[in-house]
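Participant: Following this message is one structure expressed as C-alpha cells.
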Amino acid sequence: MICIPITAGSNHEALKDLRLACASADLVELRLDYIDRPDLDSLLRDRPRPVIVTNRAVDQGGMYSGNESSRIDMLKKAIDLGADYIDIEHDCVDKIKDIGATKLIVSYHNFQETPHDIGRIHSGLANSGAHIAKLVTFANRIEDNYRIFEMLENSDFPTISFCMGELGQVSRILSLKYGGIFTFASLDKGKESAPGQLTIDDLTNIYHAREIGKTTAVYGLIGNPVDHSMGHVFHNGVFNKTGVDARYLRFKVDDLGGFIDSVKRFDIKGLSVTIPHKESIIQFIDEVDPVAEQIGAVNTVINDQGRLSGCNTDAPAAVSALEEVMINDAAGDRTEGNDAVSPVCNRNVTIIGAGGAARAIVFGLREKGANITVVNRNHDRARRLVDDAGCDYAAPDRLTEMNTDILINTTSVGMFPHVDESPVPEAVLKEGMVVFDIIYNPRETKLLKIARRKGCTILDGTEMFIKQAVLQSELFTGLRVAGGPGKRAKITPGFA
Ligand code: NAP
C-alpha cells in the first residue's frame, strides 16, 4: 500500500491535495503540523480513503510549534471524529488514553542515523499498545537499509519501516518486499514530508510498488553518483512489459566490499556497475568472462546463489552504435561497399579518457581494426590501457595537431550537472569528423553542440546506453529484448 502525506500550508490547499491524493493513494496522512489552523471536521468529512492524522512537534522533526497540550488535544479531536489512524511518537503514547475505534501508529524517528539497536527499539514500539509500529531512521550508508530489511524479515508485528535520506531511498521501495505494510510517497515533487521520499508517480509507474512482494527479485545499479542514470526506467520497463516479477533500483555505493556482502545476504540477483566501481568490482567476482577480463572492467554482474559472475556489455554496445551511425552517414553517397568490413577499420580514433568505459571501447574497436590513440588526464592510467591494448598514447596538449577521424569522449566531463564543460578545446573539432560522446545525460553535451555546429557527424550516448542495457536485460531475464547490438533500438521500454 502507498500513503501520501498532505503537507499543504492551509486548510483550503489541504482539502484540494486530499482530493488529489485520494485518487492515487491507498491511504493519506494528514500532517496537521503543516496546516495553518486546520479544520479537522472538514478534512475528515466524506473522506474516500482511510486517513492517518499526525501532528508532529518541531523537536520530533515536525512543524508544530504550539504548546504540547493543544497538540495532543488536536489528536484527541481526530479520534473523536473517527480518524482511521493517529500517529504518535513513542515517548508520547501515555498522553492518549482512549483511542476508540481509531488505530494507533506508534512512531520512532531518527533523523541522524540508523542506530545499532533497531531490533530493541522495534520491540519497544510493538509492545507499546500500538496497532502498527513505525520505525524510520536515516541512512548514512547503503547497508543501513539492509539492517532495516533484516529487522522487518524477523518481525511479524505490523510495521512501517524504512530509511530517510538519499541513501535510504531504496528502502522506501524495497521495505514492501521484506514485510513493511506500507510506504510513503509525495503527491508531487516539492511536496515531500521527509528527505528521500519518491513521488507517487515514480512509485507507481516506474517501480510498480503495489505489486512488490516477498518473491519480487531485486536487481540494481551500483555506482556513485547514480542519480543521473536512467537504467531504472529502462529495466523496470522491461520487467513490467515482460511480466517478470523483479525491480531494478539505484544503489549509491561507496563501500563496495560492504555492499557485496548485502548482495549475497539479500540475494540481489544482478547488477549494472558504473563509476567508480567497474574495475574495482573484479576482486569480488568469482568468474569474470574472458572479454571483461581482457578489458579489466565489468559492467554487469549476475548473482547465482551467492556465486558472482561478471561480464561487459559496454564494448559491443558502443562499437555497434558507432558502426551504425557511420553506415547511415555513408549510405547517402556510397556507390559500393563491403559490409563485412567495419566502417571503423583503419580509421584514426582518438579516445578521451582511460577509465572503465574507455577500456571497453578501446578493446572493442581494436577488434575492428581501428588505429587507436588514448588521451587521458592521468598519464599512468592511460599508459596501463595502451600497454594492455597495444595502441598509442598522446598527451592532452597534442590533441589539436592529431589527425583524428573519430573522436570519442569516455570521461564524465560535460555530464549533468556540469553541462557547461567540454573535455576538449573547440579547435580539436573539424568538419567531417565523427564525434561520439558516450554521456547520455544530457543527451546533447556541450562537446556535441560544438561538433554539430562545426559540421561533424555526432552520436550521443543514448544508443550505446540502450544497447548495453538490452544485453544486460537479456542476461537478467533470459528473454530476447529488442534494441541490442545489430538491432536498431526501436523498442525501448519506458526510456524516452
Ligand atoms: P571511470 O572508470 O571512473 O573513468 C572516468 C574517466 O573520466 C577517467 O579517464 C577520468 O580521468 C576521466 N575524468 C573524470 N573527470 C575528469 C575531468 N574533470 N577531467 C578530465 N578527465 C576526467 O568512469 P567510466 O565508467 O569509464 O564512465 C565514464 C563516463 O561514461 C561516465 O560519464 C558514464 O556515465 C559514461 N558511460 C556511458 C555509457 C553509455 O552506455 N552511454 C556506458 C558507460 C559509461 P582520470 O583517469 O584522469 O581520473
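Please note that chains go A, B, ... in the order of the C-alpha cells, that every chain numbers its residues from 1, and that ligands are numbered from 1 in the order shown.
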Sorted by chain and rising residue number, which residues of chain A lie within 7 Å of ligand 1, and what are their closest atom pairs and distances in Å to one decimal, counting only C-alpha atoms and all ligand atoms, as JSON lines?

Facilitator:
```
{"residue": "A:Thr274", "atom": "CA", "partner": "ligand 1", "partner_atom_place_in_ligand_line": "25 (O)", "distance": 5.1}
{"residue": "A:Ile275", "atom": "CA", "partner": "ligand 1", "partner_atom_place_in_ligand_line": "25 (O)", "distance": 4.3}
{"residue": "A:Pro276", "atom": "CA", "partner": "ligand 1", "partner_atom_place_in_ligand_line": "3 (O)", "distance": 4.4}
{"residue": "A:Lys278", "atom": "CA", "partner": "ligand 1", "partner_atom_place_in_ligand_line": "25 (O)", "distance": 6.1}
{"residue": "A:Asp314", "atom": "CA", "partner": "ligand 1", "partner_atom_place_in_ligand_line": "42 (C)", "distance": 5.9}
{"residue": "A:Gly353", "atom": "CA", "partner": "ligand 1", "partner_atom_place_in_ligand_line": "9 (O)", "distance": 3.5}
{"residue": "A:Ala354", "atom": "CA", "partner": "ligand 1", "partner_atom_place_in_ligand_line": "9 (O)", "distance": 3.9}
{"residue": "A:Gly355", "atom": "CA", "partner": "ligand 1", "partner_atom_place_in_ligand_line": "4 (O)", "distance": 3.3}
{"residue": "A:Gly356", "atom": "CA", "partner": "ligand 1", "partner_atom_place_in_ligand_line": "26 (O)", "distance": 3.8}
{"residue": "A:Ala357", "atom": "CA", "partner": "ligand 1", "partner_atom_place_in_ligand_line": "26 (O)", "distance": 3.6}
{"residue": "A:Ala358", "atom": "CA", "partner": "ligand 1", "partner_atom_place_in_ligand_line": "26 (O)", "distance": 5.5}
{"residue": "A:Asn376", "atom": "CA", "partner": "ligand 1", "partner_atom_place_in_ligand_line": "47 (O)", "distance": 5.6}
{"residue": "A:Arg377", "atom": "CA", "partner": "ligand 1", "partner_atom_place_in_ligand_line": "47 (O)", "distance": 3.9}
{"residue": "A:Asn378", "atom": "CA", "partner": "ligand 1", "partner_atom_place_in_ligand_line": "47 (O)", "distance": 3.6}
{"residue": "A:Arg381", "atom": "CA", "partner": "ligand 1", "partner_atom_place_in_ligand_line": "46 (O)", "distance": 5.7}
{"residue": "A:Thr410", "atom": "CA", "partner": "ligand 1", "partner_atom_place_in_ligand_line": "30 (O)", "distance": 4.8}
{"residue": "A:Thr411", "atom": "CA", "partner": "ligand 1", "partner_atom_place_in_ligand_line": "7 (O)", "distance": 3.3}
{"residue": "A:Ser412", "atom": "CA", "partner": "ligand 1", "partner_atom_place_in_ligand_line": "32 (O)", "distance": 3.4}
{"residue": "A:Val413", "atom": "CA", "partner": "ligand 1", "partner_atom_place_in_ligand_line": "17 (C)", "distance": 5.5}
{"residue": "A:Met415", "atom": "CA", "partner": "ligand 1", "partner_atom_place_in_ligand_line": "32 (O)", "distance": 5.9}
{"residue": "A:Pro423", "atom": "CA", "partner": "ligand 1", "partner_atom_place_in_ligand_line": "20 (C)", "distance": 6.4}
{"residue": "A:Ile438", "atom": "CA", "partner": "ligand 1", "partner_atom_place_in_ligand_line": "41 (N)", "distance": 4.3}
{"residue": "A:Ile439", "atom": "CA", "partner": "ligand 1", "partner_atom_place_in_ligand_line": "35 (C)", "distance": 4.9}
{"residue": "A:Tyr440", "atom": "CA", "partner": "ligand 1", "partner_atom_place_in_ligand_line": "41 (N)", "distance": 5.6}
{"residue": "A:Gly461", "atom": "CA", "partner": "ligand 1", "partner_atom_place_in_ligand_line": "41 (N)", "distance": 3.8}
{"residue": "A:Thr462", "atom": "CA", "partner": "ligand 1", "partner_atom_place_in_ligand_line": "41 (N)", "distance": 5.6}
{"residue": "A:Met464", "atom": "CA", "partner": "ligand 1", "partner_atom_place_in_ligand_line": "40 (O)", "distance": 4.6}
{"residue": "A:Phe465", "atom": "CA", "partner": "ligand 1", "partner_atom_place_in_ligand_line": "40 (O)", "distance": 3.1}
{"residue": "A:Ile466", "atom": "CA", "partner": "ligand 1", "partner_atom_place_in_ligand_line": "40 (O)", "distance": 6.8}
{"residue": "A:Gln468", "atom": "CA", "partner": "ligand 1", "partner_atom_place_in_ligand_line": "40 (O)", "distance": 6.1}
```

Participant: Excluding segment 107-120 of chain A and any residue of its chain fewer than 6 positions from it, enumerate the residues within 7 Å of it, using only C-alpha atoms, and give them as a compact mmCIF listing (two decimals) with all heavy atoms, in the first residue's frame.

Facilitator:
```txt
# COMPACT_ATOMS: atom_id res chain seq x y z
N ASP A 87 -1.03 8.92 14.42
CA ASP A 87 0.39 8.58 14.52
C ASP A 87 0.98 9.41 15.64
O ASP A 87 0.88 10.65 15.63
CB ASP A 87 1.05 8.90 13.17
CG ASP A 87 2.55 8.62 13.15
OD1 ASP A 87 3.19 8.70 14.22
OD2 ASP A 87 3.08 8.35 12.06
N ILE A 88 1.56 8.74 16.63
CA ILE A 88 2.12 9.47 17.77
C ILE A 88 3.51 8.92 18.11
O ILE A 88 3.76 7.72 17.97
CB ILE A 88 1.15 9.39 18.98
CG1 ILE A 88 1.61 10.32 20.10
CG2 ILE A 88 0.95 7.98 19.48
CD1 ILE A 88 0.50 10.70 21.06
N GLU A 89 4.42 9.83 18.50
CA GLU A 89 5.78 9.40 18.82
C GLU A 89 5.78 8.48 20.06
O GLU A 89 4.94 8.65 20.96
CB GLU A 89 6.68 10.61 19.09
CG GLU A 89 7.14 11.33 17.84
CD GLU A 89 8.14 10.55 16.98
OE1 GLU A 89 9.11 10.00 17.54
OE2 GLU A 89 7.93 10.48 15.76
N HIS A 90 6.72 7.57 20.10
CA HIS A 90 6.77 6.53 21.15
C HIS A 90 6.81 7.10 22.57
O HIS A 90 6.27 6.50 23.50
CB HIS A 90 7.97 5.62 20.92
CG HIS A 90 9.28 6.35 20.99
ND1 HIS A 90 10.13 6.28 22.05
CD2 HIS A 90 9.87 7.22 20.12
CE1 HIS A 90 11.19 7.04 21.82
NE2 HIS A 90 11.05 7.62 20.66
N ALA A 133 3.61 -0.45 14.30
CA ALA A 133 4.87 0.20 14.71
C ALA A 133 5.44 0.91 13.49
O ALA A 133 5.39 0.38 12.37
CB ALA A 133 5.85 -0.86 15.20
N LYS A 134 5.97 2.11 13.74
CA LYS A 134 6.62 2.83 12.63
C LYS A 134 8.03 3.20 13.07
O LYS A 134 8.21 3.96 14.03
CB LYS A 134 5.82 4.07 12.27
CG LYS A 134 6.39 4.85 11.09
CD LYS A 134 5.54 6.05 10.76
CE LYS A 134 6.15 6.87 9.65
NZ LYS A 134 5.64 8.25 9.66
N LEU A 135 9.03 2.64 12.37
CA LEU A 135 10.42 2.88 12.74
C LEU A 135 11.14 3.45 11.52
O LEU A 135 11.32 2.74 10.52
CB LEU A 135 11.04 1.56 13.20
CG LEU A 135 12.39 1.63 13.91
CD1 LEU A 135 12.57 0.41 14.81
CD2 LEU A 135 13.54 1.70 12.93
N VAL A 136 11.48 4.72 11.59
CA VAL A 136 12.07 5.40 10.43
C VAL A 136 13.40 6.02 10.86
O VAL A 136 13.45 6.80 11.82
CB VAL A 136 11.11 6.47 9.89
CG1 VAL A 136 11.73 7.19 8.71
CG2 VAL A 136 9.79 5.85 9.48
N THR A 137 14.46 5.64 10.17
CA THR A 137 15.80 6.12 10.54
C THR A 137 16.43 6.84 9.35
O THR A 137 15.84 6.93 8.28
CB THR A 137 16.67 4.92 10.94
OG1 THR A 137 16.77 4.06 9.81
CG2 THR A 137 16.08 4.17 12.14
N PHE A 138 17.66 7.28 9.54
CA PHE A 138 18.38 7.96 8.46
C PHE A 138 19.51 7.04 7.99
O PHE A 138 20.24 6.49 8.81
CB PHE A 138 18.94 9.29 8.96
CG PHE A 138 19.39 10.18 7.85
CD1 PHE A 138 18.50 11.06 7.25
CD2 PHE A 138 20.70 10.11 7.37
CE1 PHE A 138 18.91 11.87 6.19
CE2 PHE A 138 21.11 10.91 6.31
CZ PHE A 138 20.22 11.79 5.73
N ALA A 139 19.64 6.87 6.68
CA ALA A 139 20.72 6.02 6.14
C ALA A 139 21.96 6.86 5.88
O ALA A 139 21.91 7.82 5.11
CB ALA A 139 20.26 5.34 4.86
N ASN A 140 23.06 6.50 6.54
CA ASN A 140 24.34 7.13 6.24
C ASN A 140 25.17 6.27 5.31
O ASN A 140 26.18 6.71 4.77
CB ASN A 140 25.11 7.39 7.54
CG ASN A 140 24.43 8.45 8.37
OD1 ASN A 140 24.11 9.53 7.86
ND2 ASN A 140 24.15 8.16 9.63
N ASP A 144 22.74 0.42 5.69
CA ASP A 144 21.74 0.69 6.74
C ASP A 144 20.36 0.19 6.32
O ASP A 144 19.58 -0.29 7.13
CB ASP A 144 21.66 2.20 7.04
CG ASP A 144 22.89 2.69 7.81
OD1 ASP A 144 23.59 1.85 8.40
OD2 ASP A 144 23.13 3.91 7.81
N MET A 151 15.45 -6.47 10.11
CA MET A 151 14.52 -6.30 11.22
C MET A 151 13.09 -6.64 10.76
O MET A 151 12.35 -7.35 11.45
CB MET A 151 14.62 -4.85 11.71
CG MET A 151 13.79 -4.49 12.91
SD MET A 151 12.17 -3.94 12.42
CE MET A 151 12.54 -2.42 11.58
```

Participant: Run DSSP on the backbone and give me the residues of segment 100-255 of chain A it puts in helix (DSSP H, G or I), as a ChimeraX atom specification.

Facilitator: /A:118-126,143-153,166-174,200-206,209-211,231-242

Participant: Quick one: pull the distance between atom CA of Ser229 of chain A and atom CA of Asp202 of chain A, Å, one decimal.

Facilitator: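 Interatomic distance here is 14.4 Å.
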
Participant: Can you pull out the residues contacting Thr400 of chain A? Cut-off 12 Å, using only C-alpha atoms, and skip same-chain residues under 4 positions away; I want them as a ChimeraX atom specification.

Facilitator: /A:350,375,394-396,404,407,424-430

Participant: Can you measure atom CA of Ile268 of chain A to atom CA of Ile132 of chain A for me? One decimal in Å is fine.

Facilitator: 28.4 Å

Participant: Could you pull out all residues of segment 188-423 of chain A with a DSSP call of strand (DSSP E or B) and give them as a PDB file with N, CA and C atoms, in the first residue's frame?

Facilitator:
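Writing the result to out-v2.pdb gives the following:
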```pdb
ATOM      1  N   THR A 199       8.057  10.340  -5.545  1.00  0.00           N
ATOM      2  CA  THR A 199       6.698  10.787  -5.890  1.00  0.00           C
ATOM      3  C   THR A 199       5.810   9.561  -6.115  1.00  0.00           C
ATOM      4  N   ALA A 217      12.124 -10.283  -7.309  1.00  0.00           N
ATOM      5  CA  ALA A 217      13.591 -10.326  -7.385  1.00  0.00           C
ATOM      6  C   ALA A 217      14.138  -8.898  -7.468  1.00  0.00           C
ATOM      7  N   VAL A 218      15.345  -8.716  -6.944  1.00  0.00           N
ATOM      8  CA  VAL A 218      15.934  -7.375  -6.923  1.00  0.00           C
ATOM      9  C   VAL A 218      17.187  -7.325  -7.803  1.00  0.00           C
ATOM     10  N   TYR A 219      17.223  -6.309  -8.654  1.00  0.00           N
ATOM     11  CA  TYR A 219      18.384  -6.004  -9.483  1.00  0.00           C
ATOM     12  C   TYR A 219      18.723  -4.539  -9.236  1.00  0.00           C
ATOM     13  N   GLY A 220      19.869  -4.091  -9.684  1.00  0.00           N
ATOM     14  CA  GLY A 220      20.121  -2.665  -9.481  1.00  0.00           C
ATOM     15  C   GLY A 220      21.412  -2.184 -10.099  1.00  0.00           C
ATOM     16  N   LEU A 221      21.530  -0.879 -10.042  1.00  0.00           N
ATOM     17  CA  LEU A 221      22.752  -0.204 -10.489  1.00  0.00           C
ATOM     18  C   LEU A 221      23.565   0.130  -9.252  1.00  0.00           C
ATOM     19  N   ILE A 222      24.884  -0.111  -9.290  1.00  0.00           N
ATOM     20  CA  ILE A 222      25.730   0.391  -8.207  1.00  0.00           C
ATOM     21  C   ILE A 222      26.758   1.355  -8.784  1.00  0.00           C
ATOM     22  N   GLY A 223      26.971   2.427  -8.078  1.00  0.00           N
ATOM     23  CA  GLY A 223      27.929   3.433  -8.519  1.00  0.00           C
ATOM     24  C   GLY A 223      27.854   4.620  -7.585  1.00  0.00           C
ATOM     25  N   ALA A 246      10.252  -8.532 -10.891  1.00  0.00           N
ATOM     26  CA  ALA A 246      11.555  -8.035 -10.440  1.00  0.00           C
ATOM     27  C   ALA A 246      11.534  -6.514 -10.451  1.00  0.00           C
ATOM     28  N   ARG A 247      12.400  -5.915  -9.645  1.00  0.00           N
ATOM     29  CA  ARG A 247      12.551  -4.451  -9.648  1.00  0.00           C
ATOM     30  C   ARG A 247      14.037  -4.126  -9.721  1.00  0.00           C
ATOM     31  N   TYR A 248      14.323  -2.970 -10.327  1.00  0.00           N
ATOM     32  CA  TYR A 248      15.702  -2.509 -10.527  1.00  0.00           C
ATOM     33  C   TYR A 248      15.831  -1.172  -9.814  1.00  0.00           C
ATOM     34  N   LEU A 249      16.791  -1.094  -8.898  1.00  0.00           N
ATOM     35  CA  LEU A 249      16.937   0.126  -8.092  1.00  0.00           C
ATOM     36  C   LEU A 249      18.317   0.738  -8.268  1.00  0.00           C
ATOM     37  N   ARG A 250      18.435   1.985  -7.818  1.00  0.00           N
ATOM     38  CA  ARG A 250      19.742   2.661  -7.905  1.00  0.00           C
ATOM     39  C   ARG A 250      20.382   2.671  -6.526  1.00  0.00           C
ATOM     40  N   PHE A 251      21.528   1.995  -6.396  1.00  0.00           N
ATOM     41  CA  PHE A 251      22.230   1.931  -5.113  1.00  0.00           C
ATOM     42  C   PHE A 251      23.474   2.815  -5.186  1.00  0.00           C
ATOM     43  N   LYS A 252      23.481   3.864  -4.375  1.00  0.00           N
ATOM     44  CA  LYS A 252      24.681   4.714  -4.325  1.00  0.00           C
ATOM     45  C   LYS A 252      25.650   4.074  -3.333  1.00  0.00           C
ATOM     46  N   GLY A 270      21.135  -9.343  -9.723  1.00  0.00           N
ATOM     47  CA  GLY A 270      22.023  -8.868 -10.774  1.00  0.00           C
ATOM     48  C   GLY A 270      22.292  -7.386 -10.632  1.00  0.00           C
ATOM     49  N   LEU A 271      23.439  -6.951 -11.162  1.00  0.00           N
ATOM     50  CA  LEU A 271      23.830  -5.550 -11.012  1.00  0.00           C
ATOM     51  C   LEU A 271      24.341  -4.981 -12.318  1.00  0.00           C
ATOM     52  N   SER A 272      24.019  -3.722 -12.540  1.00  0.00           N
ATOM     53  CA  SER A 272      24.766  -2.935 -13.509  1.00  0.00           C
ATOM     54  C   SER A 272      25.803  -2.192 -12.676  1.00  0.00           C
ATOM     55  N   VAL A 273      26.974  -1.953 -13.256  1.00  0.00           N
ATOM     56  CA  VAL A 273      28.045  -1.314 -12.489  1.00  0.00           C
ATOM     57  C   VAL A 273      28.486  -0.056 -13.223  1.00  0.00           C
ATOM     58  N   GLU A 287      33.748 -15.328 -11.168  1.00  0.00           N
ATOM     59  CA  GLU A 287      34.050 -15.748 -12.541  1.00  0.00           C
ATOM     60  C   GLU A 287      33.882 -14.564 -13.484  1.00  0.00           C
ATOM     61  N   VAL A 288      34.993 -14.100 -14.046  1.00  0.00           N
ATOM     62  CA  VAL A 288      34.925 -12.946 -14.956  1.00  0.00           C
ATOM     63  C   VAL A 288      35.038 -13.468 -16.383  1.00  0.00           C
ATOM     64  N   THR A 300      28.416  -5.652 -15.740  1.00  0.00           N
ATOM     65  CA  THR A 300      27.237  -6.466 -15.454  1.00  0.00           C
ATOM     66  C   THR A 300      27.632  -7.612 -14.530  1.00  0.00           C
ATOM     67  N   VAL A 301      26.863  -7.787 -13.457  1.00  0.00           N
ATOM     68  CA  VAL A 301      27.152  -8.879 -12.517  1.00  0.00           C
ATOM     69  C   VAL A 301      25.879  -9.698 -12.355  1.00  0.00           C
ATOM     70  N   ILE A 302      26.041 -11.018 -12.417  1.00  0.00           N
ATOM     71  CA  ILE A 302      24.913 -11.922 -12.163  1.00  0.00           C
ATOM     72  C   ILE A 302      25.231 -12.703 -10.893  1.00  0.00           C
ATOM     73  N   ASN A 303      24.254 -12.753  -9.996  1.00  0.00           N
ATOM     74  CA  ASN A 303      24.426 -13.472  -8.731  1.00  0.00           C
ATOM     75  C   ASN A 303      23.625 -14.776  -8.801  1.00  0.00           C
ATOM     76  N   ASP A 304      24.350 -15.895  -8.920  1.00  0.00           N
ATOM     77  CA  ASP A 304      23.669 -17.182  -8.957  1.00  0.00           C
ATOM     78  C   ASP A 304      23.903 -17.860  -7.612  1.00  0.00           C
ATOM     79  N   ARG A 307      27.151 -17.007  -5.997  1.00  0.00           N
ATOM     80  CA  ARG A 307      28.322 -17.048  -6.881  1.00  0.00           C
ATOM     81  C   ARG A 307      28.174 -15.929  -7.912  1.00  0.00           C
ATOM     82  N   LEU A 308      29.145 -15.011  -7.930  1.00  0.00           N
ATOM     83  CA  LEU A 308      29.027 -13.830  -8.792  1.00  0.00           C
ATOM     84  C   LEU A 308      29.812 -14.026 -10.084  1.00  0.00           C
ATOM     85  N   SER A 309      29.141 -13.761 -11.214  1.00  0.00           N
ATOM     86  CA  SER A 309      29.884 -13.758 -12.476  1.00  0.00           C
ATOM     87  C   SER A 309      29.753 -12.374 -13.101  1.00  0.00           C
ATOM     88  N   GLY A 310      30.794 -11.961 -13.828  1.00  0.00           N
ATOM     89  CA  GLY A 310      30.806 -10.605 -14.375  1.00  0.00           C
ATOM     90  C   GLY A 310      31.136 -10.595 -15.846  1.00  0.00           C
ATOM     91  N   CYS A 311      30.528  -9.685 -16.582  1.00  0.00           N
ATOM     92  CA  CYS A 311      30.865  -9.518 -17.993  1.00  0.00           C
ATOM     93  C   CYS A 311      30.771  -8.033 -18.351  1.00  0.00           C
ATOM     94  N   ASN A 348      41.407   6.596 -37.816  1.00  0.00           N
ATOM     95  CA  ASN A 348      42.148   7.081 -36.655  1.00  0.00           C
ATOM     96  C   ASN A 348      41.169   7.502 -35.564  1.00  0.00           C
ATOM     97  N   VAL A 349      41.177   6.754 -34.486  1.00  0.00           N
ATOM     98  CA  VAL A 349      40.227   7.003 -33.407  1.00  0.00           C
ATOM     99  C   VAL A 349      40.971   7.573 -32.200  1.00  0.00           C
ATOM    100  N   THR A 350      40.519   8.741 -31.725  1.00  0.00           N
ATOM    101  CA  THR A 350      41.096   9.316 -30.510  1.00  0.00           C
ATOM    102  C   THR A 350      40.111   9.116 -29.370  1.00  0.00           C
ATOM    103  N   ILE A 351      40.573   8.440 -28.326  1.00  0.00           N
ATOM    104  CA  ILE A 351      39.714   8.172 -27.170  1.00  0.00           C
ATOM    105  C   ILE A 351      40.118   9.118 -26.047  1.00  0.00           C
ATOM    106  N   ILE A 352      39.173   9.911 -25.561  1.00  0.00           N
ATOM    107  CA  ILE A 352      39.450  10.779 -24.409  1.00  0.00           C
ATOM    108  C   ILE A 352      39.009  10.028 -23.163  1.00  0.00           C
ATOM    109  N   ASN A 371      42.707   2.353 -35.710  1.00  0.00           N
ATOM    110  CA  ASN A 371      44.001   2.841 -35.183  1.00  0.00           C
ATOM    111  C   ASN A 371      43.696   3.747 -34.000  1.00  0.00           C
ATOM    112  N   ILE A 372      44.049   3.302 -32.815  1.00  0.00           N
ATOM    113  CA  ILE A 372      43.545   3.979 -31.611  1.00  0.00           C
ATOM    114  C   ILE A 372      44.643   4.736 -30.878  1.00  0.00           C
ATOM    115  N   THR A 373      44.294   5.974 -30.478  1.00  0.00           N
ATOM    116  CA  THR A 373      45.185   6.747 -29.609  1.00  0.00           C
ATOM    117  C   THR A 373      44.391   7.172 -28.373  1.00  0.00           C
ATOM    118  N   VAL A 374      44.982   6.957 -27.200  1.00  0.00           N
ATOM    119  CA  VAL A 374      44.298   7.297 -25.943  1.00  0.00           C
ATOM    120  C   VAL A 374      44.888   8.590 -25.384  1.00  0.00           C
ATOM    121  N   VAL A 375      43.996   9.480 -24.956  1.00  0.00           N
ATOM    122  CA  VAL A 375      44.409  10.742 -24.327  1.00  0.00           C
ATOM    123  C   VAL A 375      43.712  10.789 -22.970  1.00  0.00           C
ATOM    124  N   ASP A 392      48.198   3.495 -29.136  1.00  0.00           N
ATOM    125  CA  ASP A 392      49.078   4.641 -28.905  1.00  0.00           C
ATOM    126  C   ASP A 392      48.571   5.547 -27.786  1.00  0.00           C
ATOM    127  N   TYR A 393      49.501   6.352 -27.278  1.00  0.00           N
ATOM    128  CA  TYR A 393      49.143   7.344 -26.263  1.00  0.00           C
ATOM    129  C   TYR A 393      49.532   8.720 -26.794  1.00  0.00           C
ATOM    130  N   ILE A 406      37.751   9.870 -35.862  1.00  0.00           N
ATOM    131  CA  ILE A 406      36.651   9.617 -34.917  1.00  0.00           C
ATOM    132  C   ILE A 406      37.138  10.012 -33.524  1.00  0.00           C
ATOM    133  N   LEU A 407      36.416  10.929 -32.867  1.00  0.00           N
ATOM    134  CA  LEU A 407      36.796  11.327 -31.507  1.00  0.00           C
ATOM    135  C   LEU A 407      35.718  10.812 -30.542  1.00  0.00           C
ATOM    136  N   ILE A 408      36.165  10.113 -29.504  1.00  0.00           N
ATOM    137  CA  ILE A 408      35.181   9.547 -28.561  1.00  0.00           C
ATOM    138  C   ILE A 408      35.477  10.048 -27.149  1.00  0.00           C
ATOM    139  N   ASN A 409      34.492  10.720 -26.549  1.00  0.00           N
ATOM    140  CA  ASN A 409      34.654  11.133 -25.147  1.00  0.00           C
ATOM    141  C   ASN A 409      34.119  10.042 -24.245  1.00  0.00           C
TER     142      ASN A 409
END
```

Participant: Near Asp39 of chain A, counting only C-alpha atoms, which residues have an atom at most 12 Å away, once you skip same-chain residues fewer than 2 positions from it, shown as a list in words?

Facilitator: Ser10, Asn11, His12, Glu13, Ala14, Leu15, Leu30, Leu32, Ile35, Asp36, Arg37, Asp41, Ser42, Leu43, Leu44, Arg45, Met74, Lys77, Ala78 and Leu81 of chain A

Participant: Which is closest to Ala194 of chain A among A:Asn403, A:Thr445, A:Thr7, A:Asn145, if we use only C-alpha atoms?

Facilitator: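 Among the listed residues, A:Thr7 lies closest to Ala194 of chain A.
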
Participant: Quote the spacing between atom CA of Thr313 of chain A and atom CA of Lys446 of chain A in Å to one decimal place.

Facilitator: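 Straight-line distance from atom CA of Thr313 of chain A to atom CA of Lys446 of chain A works out to 26.2 Å.
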
Participant: Which residue is closest to Ile160 of chain A? Choose from A:His418, A:Arg452, A:Lys191, A:His122 and count only C-alpha atoms.

Facilitator: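 The closest residue to Ile160 of chain A is A:His122.
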
Participant: Tell me which of A:Val58, A:Val341, A:Ile458, A:Ala126 sits closest to Met433 of chain A, counting only C-alpha atoms.

Facilitator: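 Smallest separation from Met433 of chain A among the options: A:Ile458.
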
Participant: Of the candidates A:Met1, A:Tyr178, A:Tyr64, A:Asn441, which shows the shortest atom-to-atom distance to Met230 of chain A, using only C-alpha atoms?

Facilitator: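 That would be A:Asn441, the residue with the smallest distance to Met230 of chain A.
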
Participant: Nearest to Glu463 of chain A: which of A:Arg49, A:His131, A:Arg443, A:Lys449 is it, counting only C-alpha atoms?

Facilitator: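 Among A:Arg49, A:His131, A:Arg443, A:Lys449, it is A:Arg443 that comes nearest to Glu463 of chain A.
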
Participant: Near Asp188 of chain A, counting only C-alpha atoms, which residues have an atom at most 9 Å away, once you skip same-chain residues fewer than 2 positions from it, shown as an MDAnalysis selection string?

Facilitator: chainID A and resid 185:186 190:192 198:201

Participant: Need the shell around Thr477 of chain A: protein/DNA/RNA residues with any atom at most 10 Å away, counting only C-alpha atoms. Skip same-chain ones fewer than 5 positions apart. Format as a VMD selection string?

Facilitator: chain A and resid 238 to 239 242 244 to 246 270 472

Participant: Sorted by chain and rising residue number, which residues of segment 56-164 of chain A lie within 12 Å of segment 203-214 of chain A, and what are their closest atom pairs and distances in Å to one decimal, counting only C-alpha atoms, as a Markdown table?

Facilitator:
```
| residue | atom | partner | partner_atom | distance |
| --- | --- | --- | --- | --- |
| A:Phe149 | CA | A:Lys214 | CA | 11.6 |
| A:Leu152 | CA | A:Lys214 | CA | 11.6 |
| A:Glu153 | CA | A:Lys214 | CA | 9.9 |
```

Participant: Which one is closest to Asp80 of chain A: A:Gly369, A:Gly100, A:Pro290, A:Gly168? Count only C-alpha atoms.

Facilitator: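 Closest to Asp80 of chain A, using only C-alpha atoms: A:Gly100.
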